[in-house]
Structure formats: structure tokens, C-alpha cells
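A.B. asks: Okay, handing you the structure first.
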Amino acid sequence: MRESEPHLPINVPEVMAPDNTALPPDPHALIGSTATPVAEHIAVSKHPSTPFKESFRRLLRDKRAVISMSIIVFLILLAIFGPLIYAHIGPPYDSPLYGTVGPEQYHNFAHSEPDRIAELPSSQYWLGTDSLGRDIFSRLMQGLLISLSVAVLVEVIDILIGVIVGVLAGFFGHWVDQILARFTDIMFAFPGLLFLILISGIFGPWADRTLSKIPVLGPNGNARLLLVSLALAFTVWPLMARYVRGQTLQLKEQQYVEAAHTVGSSNASIIRRHIVPNLFSIVIIASTLNISNTIISESGISFLGLGVQPPGSSIGLMVADGAQYISINPWMPLVPCVVLGIIVLAFSFLGDGVRDAFDPRSKD
């Protein structure tokens, strides 16, 4: 038998073990083509964008709304700080009636110079004078302050009453909704302008005698301002209540509200923590759109002589005074009419922008 051949060693190439060592990630490859550093990406992720921020960004991309917002801010600053600055601009003036007067006097909205009636704009009176020789620019700034103050006061009352009534009606339903809904319908039946005329005509003299003693609000013919504001708020809140009720009916059907009921949260807690915070968008939209109507209503009441009384100033009162001299000096009624139109358009465009930005159904 043949002897077996010896086994010769076979040279087998050495096989390298797989390298499982984890390499540090490439920061540029992880983030993408923007080549954003990892640290910056992590820092950004710590502050996620909220729905409010996204809505505010959409609002800032609306050029018409941004311009309108800038105009409104400028008018507010002009109404608040303009009279303080304007009272120190100009040299002393030799008045035949008052002697030497400074700019703090002849730039006052209530100061009258009988020999300077219906003047055109000049270096002393930037927008001219009215039918009594009063500075139109000073009276315009005072009128802006009055109109904006009434708008803010009315909207605060409108939001308070409208949100309370709308939330209660929408959340509880049944007989609560029936009673509040019928009461809201009754309030809708009131003709707003006629109601304002009625209230101002009946209680106006009482307001002039009683409310004029209030330090800031009463003097300078503004005693009826509070009366007009309350009457305006009394006529505008039903619309806010309807908006809030409709939104509340949708919110109370959401899963997080049902979950809050399941865990035993009280109705007051659910309304405070889940319903009211989610009404922010609809309230802001409705308020912004309603401000222009409030300013028009206040100007209309003052135009009829039932609002701010002389020597006080209001845009509507300035239009009424200038309308009598429109054939002699069209400048007098033109200035307050143009300013009123700018205010109304600015708030209307801003309201449209806010509605488009904060509407959750809107798309970029």
C-alpha cells in the first residue's frame, strides 16, 4: 500500500477582521447641503418654533400689513409725544390780544387767535389754523389721542364681555346657550348709531356736569368721552360673542379637552387652561377689524355734536367745524378727513393681514 503523501502547508492569505470602530460623524453630511454646524443645529432645535411665531412671521411677510402697522405706530407716537415736542417748537409771538405768547401757548389745541383765522400752513402753524384761529396740527394730535383712546377702551370692554358670553354659551350649551344666544340676538337688534345718539342726547348734559370733575378724562370738553365709549362697547360686543361661541364649540370637541374631563378637571380649569388660550387668534383678528368701525362711530358722534365738546378736539368735531368753511378754505376739512381715511385704511389692512397670518387654514 502506497504511503500517504505528507500534507504540505498551504499559504492562505490572511483575512483582516472587519473594522467596527465608529468614526465621528461628518457634521456637514449630517445636516445636509446647507453645511450648518452641528452645534448650531442643536441650539436651534432647543427652541422649536411655535404656532404664534409662525403666524407672526407670515404677518411680517405681508408688506401691506407691515406698512399699515408702521403707520399706526407712528400715529400713536404722534398722539402721545407729539404735543410735548410741538409745544417747544417756534419763537415767541406778539399777539394783539394776549401780548407775547410762546409756542407752549399758541401750539395748544385750545388756544385761539381771532386775528389768525383760517390761515394756510406756515412755519408757525404747520397745518394752518381753523375758524377760530386755533392750531390745526395741535387739534389733530389731540383728536388722534381721543379716537385711539376710545378705540382701546371700547375694545377692552368688547373683549371682556364678548369672551365671557361666548365661552359660557359655547362650552355649556343647552339652556345656558339658549339664554345667552337670545340675549345676543336682542342686542343685535339695537341700531348702533341711533343708540349712541339716544344715550348721548339723554345723558350728555349730566356727563358734562358730573364727569367733567374727573381729573384726566373730564376737562377740555371730554366729559362725554366715557359715555360714548360705554355706549359703543354696549353695541359691538355681540359680534365678538358670536365669534368666540363658534370657536368654543369646536375647541370643546378636541381630544385634549375630553382627556381633561376624563382625568377629573373642573369646567373652570378646562376653560382657563384649554379654551381661553386657544381663542387668542380669533379675538385678535376680530378686535383689529373692529377698531376702524369704532373710530368711525366716535367721529360720527362728534361730527353730530354729541361727542367731544369744545374746546376739546376730535377728528369728527374738526370735520364739522371745517365743513362750514369748505368754500372759503377747503384745507380745514380736508386735513382731518385725510387722516381719518388713513387710520381706517391702516387698521383695515392690518386686520386683513392678521386674519391671513393667524388663520390656521392659511398656507404660505
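For the C-alpha cells, the naming scheme is as follows: chains receive sequential letters (A, B, ...) according to their order of presentation, residues are indexed from 1 within each chain, and ligands are indexed from 1 in presentation order.
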Please list as a ChimeraX atom specification every residue within 8 Å of Trp126 of chain A, counting only C-alpha atoms and excluding residues in the same chain fewer than 5 positions away.

C.D. replies: /A:121,136-137

A.B. asks: Keeping N, CA, C and O atoms, export the residues of the selection given above as a short mmCIF file (atom, residue, chain, number, x, y, z; two decimals), in the first residue's frame.

C.D. replies:
data_model
loop_
_atom_site.label_atom_id
_atom_site.label_comp_id
_atom_site.auth_asym_id
_atom_site.auth_seq_id
_atom_site.Cartn_x
_atom_site.Cartn_y
_atom_site.Cartn_z
N PRO A 121 -51.06 126.56 5.87
CA PRO A 121 -49.88 126.11 6.60
C PRO A 121 -48.73 127.10 6.50
O PRO A 121 -48.49 127.73 5.46
N ILE A 136 -54.37 123.83 13.79
CA ILE A 136 -54.98 122.60 13.29
C ILE A 136 -54.12 121.39 13.65
O ILE A 136 -54.64 120.32 14.01
N PHE A 137 -52.80 121.53 13.58
CA PHE A 137 -51.93 120.40 13.88
C PHE A 137 -52.06 119.97 15.34
O PHE A 137 -52.11 118.77 15.64
#

A.B. asks: Please list as a PyMOL selection string every residue within 6 Å of segment 66-82 of chain A, counting only C-alpha atoms and excluding residues in the same chain fewer than 5 positions away.

C.D. replies: chain A and resi 141+144-145+346+350

A.B. asks: Please provide the set of residues having any atom within 9 Å of Pro92 of chain A, restricted to only C-alpha atoms, with same-chain residues fewer than 3 positions apart removed, written as a PyMOL selection string.

C.D. replies: chain A and resi 100-103

A.B. asks: What would the file look like if the residues just selected were written as a PDB file, in the first residue's frame with N, CA, C and O atoms?

C.D. replies:
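The file below, again_17.pdb, is the result:
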ATOM      1  N   THR A 100     -47.221 138.904  24.288  1.00  0.00           N
ATOM      2  CA  THR A 100     -46.196 137.956  23.850  1.00  0.00           C
ATOM      3  C   THR A 100     -46.523 136.569  24.383  1.00  0.00           C
ATOM      4  O   THR A 100     -46.621 136.349  25.587  1.00  0.00           O
ATOM      5  N   VAL A 101     -46.696 135.642  23.460  1.00  0.00           N
ATOM      6  CA  VAL A 101     -47.011 134.257  23.818  1.00  0.00           C
ATOM      7  C   VAL A 101     -45.969 133.338  23.196  1.00  0.00           C
ATOM      8  O   VAL A 101     -45.453 133.604  22.101  1.00  0.00           O
ATOM      9  N   GLY A 102     -45.661 132.276  23.898  1.00  0.00           N
ATOM     10  CA  GLY A 102     -44.694 131.305  23.407  1.00  0.00           C
ATOM     11  C   GLY A 102     -45.363 130.141  22.721  1.00  0.00           C
ATOM     12  O   GLY A 102     -46.594 130.019  22.685  1.00  0.00           O
ATOM     13  N   PRO A 103     -44.547 129.237  22.161  1.00  0.00           N
ATOM     14  CA  PRO A 103     -45.119 128.091  21.435  1.00  0.00           C
ATOM     15  C   PRO A 103     -45.928 127.166  22.333  1.00  0.00           C
ATOM     16  O   PRO A 103     -46.841 126.490  21.858  1.00  0.00           O
TER      17      PRO A 103
END

A.B. asks: Sorted by chain and rising residue number, list the residues of segment 266-337 of chain A at most 10 Å from segment 227-237 of chain A (counting only C-alpha atoms), each with its closest atom pair and distance in Å to one decimal, as a tab-separated table.

C.D. replies:
residue	atom	partner	partner_atom	distance
A:Asn290	CA	A:Val236	CA	8.3
A:Asn293	CA	A:Val236	CA	9.5
A:Thr294	CA	A:Leu232	CA	7.3
A:Ser297	CA	A:Leu232	CA	7.8
A:Glu298	CA	A:Val228	CA	7.3
A:Ile301	CA	A:Val228	CA	8.2
A:Ser302	CA	A:Val228	CA	9.5
A:Leu306	CA	A:Val228	CA	8.7
A:Gly307	CA	A:Val228	CA	6.7
A:Val308	CA	A:Val228	CA	9.0

A.B. asks: Go ahead and dump the residues you just picked, N, CA, C and O atoms, as a compact mmCIF listing (two decimals), in the first residue's frame.

C.D. replies:
# COMPACT_ATOMS: atom_id res chain seq x y z
N ASN A 290 -62.39 95.47 14.08
CA ASN A 290 -63.45 96.28 14.66
C ASN A 290 -62.99 97.68 15.05
O ASN A 290 -63.81 98.58 15.22
N ASN A 293 -64.11 100.49 12.69
CA ASN A 293 -65.52 100.84 12.84
C ASN A 293 -65.76 101.68 14.09
O ASN A 293 -66.59 102.59 14.10
N THR A 294 -65.01 101.38 15.16
CA THR A 294 -65.15 102.16 16.39
C THR A 294 -64.72 103.60 16.18
O THR A 294 -65.37 104.54 16.65
N SER A 297 -67.33 105.43 14.22
CA SER A 297 -68.52 105.72 15.03
C SER A 297 -68.26 106.90 15.97
O SER A 297 -69.12 107.78 16.11
N GLU A 298 -67.11 106.92 16.62
CA GLU A 298 -66.79 108.03 17.51
C GLU A 298 -66.71 109.35 16.75
O GLU A 298 -67.21 110.39 17.21
N ILE A 301 -70.27 110.51 15.90
CA ILE A 301 -70.96 111.10 17.04
C ILE A 301 -70.45 112.51 17.31
O ILE A 301 -71.23 113.44 17.57
N SER A 302 -69.13 112.69 17.25
CA SER A 302 -68.58 114.03 17.46
C SER A 302 -68.96 114.97 16.32
O SER A 302 -69.15 116.17 16.55
N LEU A 306 -72.52 115.41 19.47
CA LEU A 306 -72.95 114.67 20.64
C LEU A 306 -71.78 113.98 21.35
O LEU A 306 -72.00 113.29 22.34
N GLY A 307 -70.57 114.17 20.85
CA GLY A 307 -69.40 113.55 21.45
C GLY A 307 -68.57 114.57 22.21
O GLY A 307 -69.04 115.21 23.15
N VAL A 308 -67.32 114.70 21.81
CA VAL A 308 -66.42 115.67 22.44
C VAL A 308 -66.93 117.08 22.18
O VAL A 308 -67.31 117.42 21.07

A.B. asks: If we count only C-alpha atoms and set the cut-off at 8 Å, which residues sit around Met332 of chain A, ignoring sequence neighbours fewer than 5 positions away in its own chain? Please answer as a ChimeraX atom specification.

C.D. replies: /A:118,129-130,136,318-319,322-323,325-326

A.B. asks: What would the file look like if the residues just selected were written as a compact mmCIF listing (two decimals), in the first residue's frame with C-alpha atoms?

C.D. replies:
# COMPACT_ATOMS: atom_id res chain seq x y z
CA ALA A 118 -58.40 130.11 8.50
CA THR A 129 -55.50 127.46 11.64
CA ASP A 130 -59.21 126.75 11.88
CA ILE A 136 -54.98 122.60 13.29
CA MET A 318 -62.77 119.11 13.28
CA VAL A 319 -64.60 117.88 10.18
CA GLY A 322 -64.27 122.81 8.75
CA ALA A 323 -67.35 121.84 6.72
CA TYR A 325 -65.81 126.93 5.62
CA ILE A 326 -65.23 124.43 2.83

A.B. asks: Might you pull out every residue within 12 Å of Ile202 of chain A, with only C-alpha atoms counted and same-chain residues fewer than 4 positions away left off, and present them as a list of chain:residue names?

C.D. replies: A:Phe195, A:Leu196, A:Ile197, A:Leu198, A:Trp206, A:Ala207, A:Asp208, A:Arg224, A:Leu227, A:Val228, A:Leu306

A.B. asks: Arg209 of chain A: which residues within 12 Å, counting only C-alpha atoms, same-chain residues fewer than 4 positions away excluded, as a tab-separated table (two decimals) with C-alpha atoms, in the first residue's frame?

C.D. replies:
chain	number	residue	atom	x	y	z
A	203	PHE	CA	-77.19	111.66	29.43
A	204	GLY	CA	-74.86	114.14	27.71
A	205	PRO	CA	-75.70	117.17	29.91
A	213	LYS	CA	-64.77	116.72	37.56
A	214	ILE	CA	-62.66	113.66	36.78
A	218	GLY	CA	-63.37	115.25	32.25
A	219	PRO	CA	-61.72	118.59	31.40
A	221	GLY	CA	-64.80	119.02	26.74
A	222	ASN	CA	-64.02	115.31	27.06
A	223	ALA	CA	-66.64	114.56	29.72
A	224	ARG	CA	-68.84	112.70	27.24

A.B. asks: Can you pull out every residue from segment 166-355 of chain A that DSSP, working from the backbone, puts in helix (DSSP H, G or I), and format the result as an MDAnalysis selection string?

C.D. replies: chainID A and resid 166:172 174:188 192:213 223:251 255:262 267:303 315:323 331:355

A.B. asks: May I ask for the distance between atom CA of Asp62 of chain A and atom CA of Leu345 of chain A, given in Å to one decimal place?

C.D. replies: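 So the two atoms, atom CA of Asp62 of chain A and atom CA of Leu345 of chain A, lie 15.2 Å apart.
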
A.B. asks: Just to confirm, what's the straight-line distance from atom CA of Arg355 of chain A to atom CA of Gly192 of chain A in Å (one decimal)?

C.D. replies: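 These two atoms are separated by 24.8 Å.
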